[in-house]
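Enquirer: File target.cif follows (mmCIF, C-alpha atoms and all ligand atoms):
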data_entry
loop_
_atom_site.label_atom_id
_atom_site.label_comp_id
_atom_site.auth_asym_id
_atom_site.auth_seq_id
_atom_site.Cartn_x
_atom_site.Cartn_y
_atom_site.Cartn_z
CA MET A 1 -10.20 117.97 124.58
CA SER A 2 -6.70 119.06 125.46
CA PHE A 3 -4.01 120.79 123.41
CA ASP A 4 -1.94 117.57 123.50
CA ALA A 5 -4.38 115.85 121.16
CA LEU A 6 -4.16 118.41 118.39
CA GLY A 7 -0.75 117.56 116.94
CA LEU A 8 1.16 120.70 117.88
CA ALA A 9 4.93 120.88 118.36
CA PRO A 10 5.91 119.67 121.87
CA SER A 11 7.76 122.90 122.68
CA LEU A 12 4.56 124.82 121.99
CA LEU A 13 2.66 122.64 124.45
CA GLN A 14 5.03 123.74 127.18
CA ALA A 15 4.61 127.37 126.18
CA LEU A 16 0.83 126.99 126.23
CA ALA A 17 0.93 125.66 129.76
CA SER A 18 3.19 128.45 130.98
CA GLN A 19 0.92 131.05 129.36
CA LYS A 20 -2.09 129.50 131.13
CA TYR A 21 -3.82 128.32 127.98
CA LEU A 22 -5.27 125.30 129.73
CA LYS A 23 -7.54 123.92 127.04
CA PRO A 24 -8.28 124.90 123.46
CA TYR A 25 -11.12 127.28 122.70
CA PRO A 26 -13.69 125.93 120.20
CA ILE A 27 -12.14 127.73 117.22
CA GLN A 28 -8.73 126.30 118.14
CA GLU A 29 -10.10 122.79 118.41
CA LYS A 30 -11.42 123.05 114.87
CA ALA A 31 -8.88 125.27 113.12
CA ILE A 32 -5.61 123.82 114.46
CA PRO A 33 -5.99 120.33 112.88
CA ALA A 34 -7.17 121.88 109.58
CA VAL A 35 -4.27 124.34 109.38
CA LEU A 36 -1.82 121.56 110.28
CA ARG A 37 -3.17 119.57 107.34
CA ARG A 38 -2.50 122.67 105.19
CA LYS A 39 -6.18 123.10 104.39
CA ASP A 40 -7.59 126.51 103.57
CA VAL A 41 -9.76 127.82 106.39
CA LEU A 42 -12.62 130.30 106.58
CA GLY A 43 -13.09 131.28 110.23
CA ILE A 44 -16.10 133.36 111.19
CA ALA A 45 -14.92 134.61 114.55
CA LYS A 46 -14.31 137.81 116.43
CA THR A 47 -11.49 139.08 118.54
CA GLY A 48 -11.94 137.34 121.86
CA SER A 49 -12.67 133.93 120.35
CA GLY A 50 -9.03 132.84 120.49
CA LYS A 51 -8.65 133.07 116.71
CA THR A 52 -5.07 134.36 116.79
CA ALA A 53 -3.65 131.28 118.48
CA SER A 54 -5.85 129.12 116.25
CA TYR A 55 -3.62 130.00 113.31
CA VAL A 56 -0.35 131.00 115.01
CA LEU A 57 0.17 127.64 116.73
CA PRO A 58 -0.32 125.35 113.70
CA ILE A 59 1.61 127.70 111.40
CA LEU A 60 4.55 127.58 113.79
CA THR A 61 4.26 123.81 114.05
CA ASN A 62 4.34 123.51 110.25
CA LEU A 63 7.43 125.74 110.12
CA GLU A 64 9.25 123.71 112.76
CA GLY A 65 12.38 121.94 111.66
CA ARG A 66 12.67 123.97 108.49
CA ILE A 67 15.98 125.57 107.68
CA MET A 68 15.25 129.27 107.69
CA ASP A 69 17.74 130.98 105.41
CA LYS A 70 18.21 134.63 106.00
CA SER A 71 16.78 136.61 103.13
CA ARG A 72 14.04 139.04 102.25
CA PHE A 73 11.70 136.23 101.18
CA ILE A 74 9.03 135.69 103.81
CA SER A 75 7.16 132.38 104.26
CA VAL A 76 4.09 133.56 106.13
CA LEU A 77 2.15 136.77 105.52
CA VAL A 78 -0.58 137.95 107.90
CA LEU A 79 -2.60 140.94 106.70
CA VAL A 80 -4.42 142.95 109.37
CA PRO A 81 -6.44 146.18 109.31
CA THR A 82 -4.76 148.16 112.10
CA ARG A 83 -1.40 148.80 113.70
CA GLU A 84 -2.75 147.70 117.07
CA LEU A 85 -3.76 144.31 115.71
CA ALA A 86 -0.45 143.99 113.85
CA ILE A 87 1.44 144.48 117.11
CA GLN A 88 -0.82 142.13 118.99
CA VAL A 89 -0.62 139.30 116.45
CA ASN A 90 3.14 139.69 116.20
CA GLU A 91 3.40 139.37 119.97
CA VAL A 92 1.57 136.04 119.84
CA PHE A 93 3.92 134.81 117.08
CA HIS A 94 6.85 136.02 119.08
CA ASP A 95 5.71 134.56 122.41
CA PHE A 96 5.20 131.11 120.91
CA GLY A 97 7.78 131.25 118.10
CA SER A 98 10.61 131.90 120.52
CA GLU A 99 9.84 128.55 122.17
CA LEU A 100 10.71 126.57 119.07
CA PRO A 101 14.20 125.05 118.79
CA ASP A 102 14.85 126.88 115.49
CA MET A 103 13.64 130.32 116.29
CA VAL A 104 11.15 131.74 113.84
CA ARG A 105 11.58 135.43 113.26
CA SER A 106 8.39 137.45 113.11
CA MET A 107 7.84 141.15 112.68
CA ALA A 108 4.98 143.66 112.49
CA VAL A 109 4.96 146.49 109.96
CA TYR A 110 2.38 149.29 109.74
CA GLY A 111 2.08 152.84 108.55
CA GLY A 112 2.21 156.04 110.57
CA VAL A 113 5.81 155.46 111.66
CA SER A 114 9.07 155.86 109.79
CA ILE A 115 9.69 153.20 107.13
CA ASN A 116 13.51 153.01 107.25
CA PRO A 117 13.90 151.01 110.46
CA GLN A 118 11.29 148.56 109.16
CA MET A 119 13.19 148.16 105.87
CA LYS A 120 16.39 147.30 107.69
CA ALA A 121 14.79 144.98 110.23
CA LEU A 122 12.98 142.95 107.57
CA TYR A 123 16.08 141.05 106.52
CA GLY A 124 15.84 137.51 107.83
CA VAL A 125 12.17 137.70 108.83
CA ASN A 126 10.06 134.56 108.20
CA VAL A 127 6.64 135.67 109.39
CA LEU A 128 5.42 139.15 108.53
CA VAL A 129 2.32 140.75 110.07
CA ALA A 130 1.39 143.82 108.05
CA THR A 131 -1.21 146.42 107.25
CA PRO A 132 -1.80 146.46 103.47
CA GLY A 133 -0.64 149.99 102.62
CA ARG A 134 2.71 149.79 104.39
CA LEU A 135 3.34 146.31 103.02
CA LEU A 136 3.04 147.61 99.45
CA GLU A 137 5.43 150.46 100.22
CA LEU A 138 7.94 147.94 101.54
CA VAL A 139 7.49 145.71 98.49
CA GLU A 140 8.05 148.68 96.20
CA SER A 141 11.27 149.56 97.96
CA LYS A 142 12.39 145.90 97.70
CA ALA A 143 12.63 145.48 101.44
CA VAL A 144 10.50 142.35 101.25
CA GLN A 145 9.70 139.69 98.62
CA LEU A 146 6.32 138.00 98.52
CA SER A 147 7.00 135.40 95.84
CA ALA A 148 7.83 132.62 98.30
CA VAL A 149 4.85 133.06 100.63
CA GLU A 150 3.44 129.67 101.59
CA VAL A 151 0.72 130.80 103.99
CA LEU A 152 -1.49 133.86 103.69
CA VAL A 153 -3.66 134.89 106.65
CA LEU A 154 -6.29 137.61 106.37
CA ASP A 155 -7.23 138.60 109.90
CA GLU A 156 -10.33 140.74 110.48
CA ALA A 157 -10.94 140.65 106.73
CA ASP A 158 -14.28 142.45 107.08
CA LYS A 159 -12.62 145.34 108.85
CA MET A 160 -9.88 145.57 106.23
CA LEU A 161 -12.54 145.84 103.55
CA ASN A 162 -14.54 148.39 105.57
CA LEU A 163 -11.43 150.50 105.91
CA GLY A 164 -11.12 150.59 102.11
CA PHE A 165 -8.11 148.28 101.70
CA LYS A 166 -9.74 146.26 98.90
CA GLU A 167 -7.56 147.61 96.13
CA GLU A 168 -4.34 147.22 98.13
CA MET A 169 -5.32 143.69 99.08
CA ASN A 170 -5.91 142.77 95.43
CA ARG A 171 -2.53 144.16 94.48
CA ILE A 172 -0.90 142.08 97.20
CA PHE A 173 -2.72 138.90 96.11
CA GLU A 174 -1.23 139.34 92.64
CA LEU A 175 2.27 139.28 94.08
CA LEU A 176 1.80 135.95 95.84
CA PRO A 177 2.59 132.55 94.35
CA ALA A 178 -0.45 130.63 93.17
CA ARG A 179 0.24 127.61 95.35
CA ARG A 180 -0.22 128.52 98.98
CA GLN A 181 -2.41 127.97 102.00
CA ASN A 182 -5.06 130.64 102.68
CA LEU A 183 -6.65 131.37 106.04
CA LEU A 184 -9.38 133.97 106.23
CA PHE A 185 -10.82 135.25 109.49
CA SER A 186 -13.71 137.65 109.70
CA ALA A 187 -16.27 138.64 112.33
CA THR A 188 -19.04 138.64 109.73
CA LEU A 189 -19.63 137.05 106.38
CA SER A 190 -20.45 140.18 104.37
CA ASN A 191 -20.80 140.08 100.59
CA ASP A 192 -17.31 141.50 100.22
CA VAL A 193 -15.86 138.80 102.42
CA LYS A 194 -17.80 136.14 100.49
CA GLU A 195 -16.29 137.49 97.30
CA ILE A 196 -12.74 137.17 98.65
CA ASN A 197 -13.59 133.75 99.99
CA GLN A 198 -14.68 132.54 96.56
CA PHE A 199 -11.77 134.07 94.78
CA LEU A 200 -9.05 133.16 97.25
CA LEU A 201 -9.94 130.02 99.16
CA ASN A 202 -9.74 126.53 97.81
CA ASP A 203 -12.29 124.10 99.29
CA PRO A 204 -11.96 125.68 102.73
CA GLU A 205 -12.84 124.21 106.07
CA VAL A 206 -15.55 126.58 107.34
CA ILE A 207 -15.53 127.26 111.07
CA GLU A 208 -17.98 129.52 112.84
CA VAL A 209 -17.78 130.32 116.53
CA LYS A 210 -19.13 132.81 119.01
CA ALA A 211 -16.68 135.10 120.75
CA VAL A 212 -15.71 134.08 124.25
CA GLU A 213 -16.28 137.65 125.35
CA GLU A 214 -19.97 137.28 124.57
CA ASN A 215 -20.13 135.01 127.53
CA ILE A 216 -20.37 137.66 130.20
CA ASP A 217 -21.39 135.34 133.00
CA GLN A 218 -18.08 135.49 134.81
CA ILE A 219 -18.08 139.29 134.84
CA SER A 220 -19.54 140.93 137.90
CA GLN A 221 -21.29 144.14 136.90
CA LEU A 222 -22.06 147.11 139.07
CA ALA A 223 -23.37 150.61 138.35
CA TYR A 224 -23.07 153.87 140.28
CA PHE A 225 -25.73 156.51 139.97
CA VAL A 226 -23.73 159.72 139.85
CA PRO A 227 -24.19 163.31 138.63
CA GLN A 228 -21.84 164.28 135.79
CA GLU A 229 -19.70 166.60 137.94
CA LYS A 230 -19.04 163.91 140.55
CA LYS A 231 -17.71 161.31 138.11
CA GLY A 232 -14.08 162.38 138.58
CA PRO A 233 -14.11 162.15 142.39
CA LEU A 234 -16.01 158.86 142.22
CA LEU A 235 -13.41 157.38 139.87
CA ARG A 236 -10.55 158.39 142.16
CA TYR A 237 -12.47 157.10 145.19
CA LEU A 238 -13.03 153.69 143.58
CA ILE A 239 -9.42 153.34 142.42
CA LYS A 240 -7.96 154.38 145.75
CA GLU A 241 -10.41 152.77 148.16
CA ASN A 242 -10.39 149.43 146.33
CA ASN A 243 -6.67 149.71 145.67
CA ILE A 244 -7.29 148.97 142.00
CA ARG A 245 -3.91 148.34 140.36
CA HIS A 246 -4.92 147.74 136.75
CA VAL A 247 -7.97 149.28 135.14
CA LEU A 248 -9.20 150.25 131.70
CA VAL A 249 -11.42 153.35 131.76
CA PHE A 250 -13.70 154.26 128.85
CA THR A 251 -14.72 157.80 127.97
CA SER A 252 -16.98 159.01 125.18
CA THR A 253 -14.64 161.61 123.68
CA VAL A 254 -10.95 162.28 123.13
CA GLN A 255 -11.14 165.45 125.21
CA LYS A 256 -12.70 163.65 128.14
CA ALA A 257 -10.04 160.95 127.94
CA ASP A 258 -7.39 163.65 128.31
CA ASN A 259 -9.22 165.44 131.12
CA VAL A 260 -9.78 162.27 133.13
CA THR A 261 -6.13 161.29 132.67
CA ASN A 262 -4.84 164.69 133.78
CA LYS A 263 -7.02 164.70 136.88
CA LEU A 264 -5.92 161.21 137.85
CA ARG A 265 -2.28 162.19 137.48
CA LYS A 266 -2.76 165.32 139.56
CA ASN A 267 -4.09 163.05 142.26
CA GLY A 268 -1.05 160.81 142.16
CA ILE A 269 -2.59 158.00 140.12
CA ASP A 270 -0.45 156.79 137.22
CA ALA A 271 -2.59 157.13 134.07
CA GLU A 272 -2.22 157.46 130.31
CA ALA A 273 -4.77 158.15 127.56
CA ILE A 274 -4.89 156.50 124.15
CA HIS A 275 -7.04 157.94 121.40
CA SER A 276 -6.87 158.95 117.77
CA LYS A 277 -5.19 162.29 118.49
CA LYS A 278 -2.19 160.70 120.17
CA GLY A 279 0.92 159.93 118.15
CA GLN A 280 1.44 156.37 117.09
CA ASN A 281 4.50 155.80 119.25
CA THR A 282 2.82 157.22 122.35
CA ARG A 283 -0.09 154.86 121.80
CA ILE A 284 2.09 151.83 121.35
CA GLU A 285 4.11 152.68 124.42
CA ALA A 286 1.08 153.29 126.62
CA LEU A 287 -0.55 150.07 125.50
CA SER A 288 2.58 148.08 126.01
CA ASP A 289 3.17 149.58 129.49
CA PHE A 290 -0.41 148.84 130.43
CA LYS A 291 -0.24 145.26 129.17
CA ARG A 292 2.89 144.63 131.16
CA GLY A 293 1.36 146.05 134.31
CA ARG A 294 3.66 149.07 134.40
CA LEU A 295 0.77 151.51 133.94
CA ARG A 296 -2.07 151.56 136.44
CA VAL A 297 -4.86 153.26 134.48
CA LEU A 298 -5.40 153.31 130.73
CA VAL A 299 -8.08 155.74 129.56
CA ALA A 300 -9.45 154.99 126.10
CA THR A 301 -12.19 155.79 123.64
CA ASP A 302 -14.11 152.94 121.99
CA LEU A 303 -12.34 153.14 118.69
CA LEU A 304 -8.90 152.64 120.16
CA ALA A 305 -10.02 150.07 122.68
CA ARG A 306 -11.22 147.67 119.98
CA GLY A 307 -7.87 146.09 119.57
CA ILE A 308 -6.94 146.02 123.23
CA ASP A 309 -6.44 142.48 124.28
CA ILE A 310 -5.15 141.86 127.75
CA GLU A 311 -5.36 138.69 129.66
CA PHE A 312 -6.57 138.79 133.27
CA LEU A 313 -7.61 142.45 133.23
CA PRO A 314 -9.55 142.64 136.47
CA TYR A 315 -11.39 145.95 136.04
CA VAL A 316 -13.17 147.92 133.34
CA ILE A 317 -14.87 151.21 134.19
CA ASN A 318 -17.39 152.92 131.92
CA TYR A 319 -16.76 156.51 132.91
CA ASP A 320 -19.21 157.35 130.14
CA LEU A 321 -21.82 154.88 129.00
CA PRO A 322 -21.44 153.74 125.37
CA ARG A 323 -24.27 154.42 122.96
CA SER A 324 -24.94 150.90 121.78
CA PRO A 325 -25.63 147.86 123.96
CA LYS A 326 -23.26 145.96 121.69
CA ASP A 327 -20.42 148.32 122.59
CA TYR A 328 -21.29 147.90 126.25
CA VAL A 329 -20.88 144.13 126.01
CA HIS A 330 -17.74 144.57 123.96
CA ARG A 331 -16.25 146.92 126.54
CA ILE A 332 -17.01 144.79 129.57
CA GLY A 333 -15.80 141.79 127.58
CA ARG A 334 -12.30 143.26 127.92
CA THR A 335 -12.31 141.87 131.43
CA GLY A 336 -13.13 138.37 132.60
CA ARG A 337 -11.39 136.76 129.67
CA ALA A 338 -9.86 133.36 129.56
CA ASP A 339 -12.17 132.21 132.36
CA ALA A 340 -10.77 134.79 134.79
CA LYS A 341 -13.20 136.76 136.93
CA GLY A 342 -13.64 140.43 136.12
CA ASP A 343 -15.41 143.51 137.44
CA ALA A 344 -17.18 145.99 135.20
CA ILE A 345 -18.35 149.26 136.71
CA SER A 346 -20.54 151.83 134.93
CA PHE A 347 -21.21 155.44 135.86
CA ILE A 348 -24.84 156.33 135.24
CA THR A 349 -25.94 159.96 135.22
CA PRO A 350 -29.64 160.90 135.50
CA GLU A 351 -29.63 161.40 131.69
CA ASP A 352 -28.23 157.88 131.15
CA GLN A 353 -30.84 156.08 133.23
CA HIS A 354 -33.27 155.23 130.47
CA HIS A 355 -30.50 154.16 128.11
CA PHE A 356 -28.94 151.95 130.76
CA LYS A 357 -32.29 150.17 131.18
CA VAL A 358 -32.25 149.44 127.45
CA ILE A 359 -28.71 148.06 127.70
CA GLN A 360 -29.66 145.76 130.57
CA LYS A 361 -32.70 144.53 128.69
CA LYS A 362 -30.73 143.79 125.51
CA MET A 363 -28.03 142.06 127.52
CA GLY A 364 -30.63 140.07 129.43
CA LYS A 365 -29.03 140.81 132.79
CA PRO A 366 -29.97 143.29 135.49
CA VAL A 367 -27.15 145.32 137.03
CA THR A 368 -27.16 146.45 140.66
CA MET A 369 -27.02 150.22 141.02
CA ILE A 370 -25.47 152.04 143.97
CA ASP A 371 -26.36 155.67 144.62
CA SER A 372 -23.12 157.66 144.96
CA GLU A 373 -25.00 160.14 147.15
CA ASN A 374 -24.40 157.66 149.97
CA ILE A 375 -20.64 157.68 149.48
CA ASP A 376 -18.46 160.31 151.09
CA LEU A 377 -16.47 161.65 148.15
CA LYS A 378 -14.94 164.53 150.05
CA GLY A 379 -11.19 164.47 149.79
CA TYR A 380 -11.28 162.89 146.36
P1 LIG B 1 -8.05 136.47 120.31
O1 LIG B 1 -9.46 136.14 119.93
O2 LIG B 1 -7.07 135.75 119.49
O3 LIG B 1 -7.85 137.95 120.32
O4 LIG B 1 -7.79 135.94 121.81
C1 LIG B 1 -8.50 136.37 122.91
C2 LIG B 1 -7.80 136.19 124.23
O5 LIG B 1 -7.88 134.86 124.70
C3 LIG B 1 -6.31 136.51 124.26
O6 LIG B 1 -6.07 137.24 125.45
C4 LIG B 1 -5.62 135.17 124.31
O7 LIG B 1 -4.38 135.25 124.95
C5 LIG B 1 -6.60 134.35 125.11
N1 LIG B 1 -6.62 132.94 124.75
C6 LIG B 1 -6.65 132.43 123.49
N2 LIG B 1 -6.75 131.09 123.54
C7 LIG B 1 -6.78 130.73 124.83
C8 LIG B 1 -6.88 129.48 125.53
N3 LIG B 1 -7.00 128.33 124.87
N4 LIG B 1 -6.90 129.51 126.86
C9 LIG B 1 -6.81 130.68 127.53
N5 LIG B 1 -6.71 131.89 126.96
C10 LIG B 1 -6.70 131.92 125.62
#
Using structure tokens, write down the structure that the file contains.
Ligand code: AMP

Expert:
Amino acid sequence: MSFDALGLAPSLLQALASQKYLKPYPIQEKAIPAVLRRKDVLGIAKTGSGKTASYVLPILTNLEGRIMDKSRFISVLVLVPTRELAIQVNEVFHDFGSELPDMVRSMAVYGGVSINPQMKALYGVNVLVATPGRLLELVESKAVQLSAVEVLVLDEADKMLNLGFKEEMNRIFELLPARRQNLLFSATLSNDVKEINQFLLNDPEVIEVKAVEENIDQISQLAYFVPQEKKGPLLRYLIKENNIRHVLVFTSTVQKADNVTNKLRKNGIDAEAIHSKKGQNTRIEALSDFKRGRLRVLVATDLLARGIDIEFLPYVINYDLPRSPKDYVHRIGRTGRADAKGDAISFITPEDQHHFKVIQKKMGKPVTMIDSENIDLKGY
């Protein structure tokens, strides 16, 4: 199956080719035709499955050729749980939307940053990607009108509910016109999600797919046996000796993320940390620099790394091993996406050894371990 057969706008096909989307992922194969037919869709899929493009591309195709008057009435509303996801989804709308002859204007809004610039910029926006709380604030201040929304997307619905957005979501639903298309994406079908599904969706097309990242076959995994105090020198050795230009490093705590970053910088390696204690703007900037290849090392904790989505990231390093095997797979799944090859390296201290065996067993794959004792780390 190729993208050509799915009925997308021709200008999007060109954009897909230039962004190296060679063939549709399973969720795209199924969701794109359904969304084009303006069906409601329930997609059980995680980040990594290609779900974003599965709704962005057909929504843009359906908007094509429409006269977009400039106003505060938006046509498409995408609700997301976090700022990171809001930014990411908006980028996908922007990357593809700018290829259409009549440019579709999209924008991301989220809390934690000043509201005034968002209020001003909202005029003339057609597609809005928003976190629920900030959206309601913007509605209250009349910066945006929801009464002409034609398509509602709930992305990572389970996470939105887990984060306690249920009440806000219900308030938003009440502001939407009754006739509209609803697309609901969730990693799991929890009772809460089922409830929304029943209440919101009208005879939906149900699509369930496994995340692409769960296929870890194209990722080459390696572990280094290393005492805790040698982890820093080993990290610098690996980055410098292998001339690694782009790497995501995971630590277990915020403090460690800062320490690792500072040490790398002192050794002339460009690095930035993102974690919950960093200001919103700093996080956005670091992530954006890293995505664009302007930052060599991004050091992150699990929580913040969830939303990181970078194509062709060649290296992931587990400076600290995660607690759950699921997190391990999720972390290494950051690399080797979109059929690219990736390297995942884990640092294993004597205390981690047993736990790492459990991870390998759960994953069903043994990982070669190199003893760092045999590496000359002097000078690092
Ligand atoms: P998502 O699940 O939407 O977060 O997408 C996961 C990753 O896969 C993103 O980096 C996308 O850019 C990439 N991607 C999505 N669809 C395709 C495709 N058909 N071919 C190649 N890469 C894709």

Enquirer: When distances are computed from all atoms listed in the file, which of A:Asp192, A:Glu137, A:Glu91, A:Asp258 shows the smallest separation from ligand LIG 1 (chain B)?

Expert: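 Result for the nearest residue to ligand LIG 1 (chain B): A:Glu91.
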
Enquirer: Give me the residues near Lys341 (chain A) as a PyMOL selection string, where near means some atom within 7 Å (using all atoms listed in the file) and where sequence neighbours in that chain fewer than 6 positions away do not count.

Expert: chain A and resi 218-219+314

Enquirer: Let me make sure I understand: among A:Asn62, A:Gln280, A:Ser75, A:Gln88, which one has the smallest atom-to-atom distance to ligand LIG 1 (chain B) if we use all atoms listed in the file?

Expert: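 For ligand LIG 1 (chain B), the nearest of the candidates is A:Gln88.
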
Enquirer: Given the choices A:Gly97, A:Pro81, A:Gly364, A:Gly124, which gets closest to Phe165 (chain A) if the distance is worked out from only C-alpha atoms?

Expert: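 Distance minimum relative to Phe165 (chain A) lands on A:Pro81.
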
Enquirer: Pick the closest to Tyr237 (chain A) from A:Leu135, A:Val109, A:Leu377, A:Leu16: which is it, counting all atoms listed in the file?

Expert: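 Looking only at the distances to Tyr237 (chain A), the closest residue turns out to be A:Leu377.
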
Enquirer: What does the distance from CA of Asp4 (chain A) to CA of Ala17 (chain A) come to in Å, to one decimal?

Expert: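 Atom-to-atom, CA of Asp4 (chain A) and CA of Ala17 (chain A) are spaced 10.6 Å apart.
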
Enquirer: Using all atoms listed in the file, find the one residue out of A:Ala86, A:Leu175, A:Leu234, A:Val144 that sits nearest to Ile284 (chain A).

Expert: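 Closest to Ile284 (chain A) of all the choices is A:Ala86.
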
Enquirer: Which residues are close to Ala130 (chain A), i.e. within 8 Å by only C-alpha atoms, leaving aside same-chain residues fewer than 2 positions away? Reply as a list in words.

Expert: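 My reading of the contact set: Leu77, Val78, Leu79, Val80, Ala86, Ala108, Val109, Tyr110, Leu128, Pro132, Arg134 and Leu135 of chain A.
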
Enquirer: Select, from A:His94, A:Lys365, A:Arg265, A:Lys159, the residue with the minimum atom-to-atom distance to Asp217 (chain A), counting only C-alpha atoms.

Expert: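 Among the listed residues, the smallest separation from Asp217 (chain A) belongs to A:Lys365.
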
Enquirer: Suppose you want the space between atom C3 of ligand LIG 1 (chain B) and CA of Thr52 (chain A); what is it in Å?

Expert: 7.9 Å
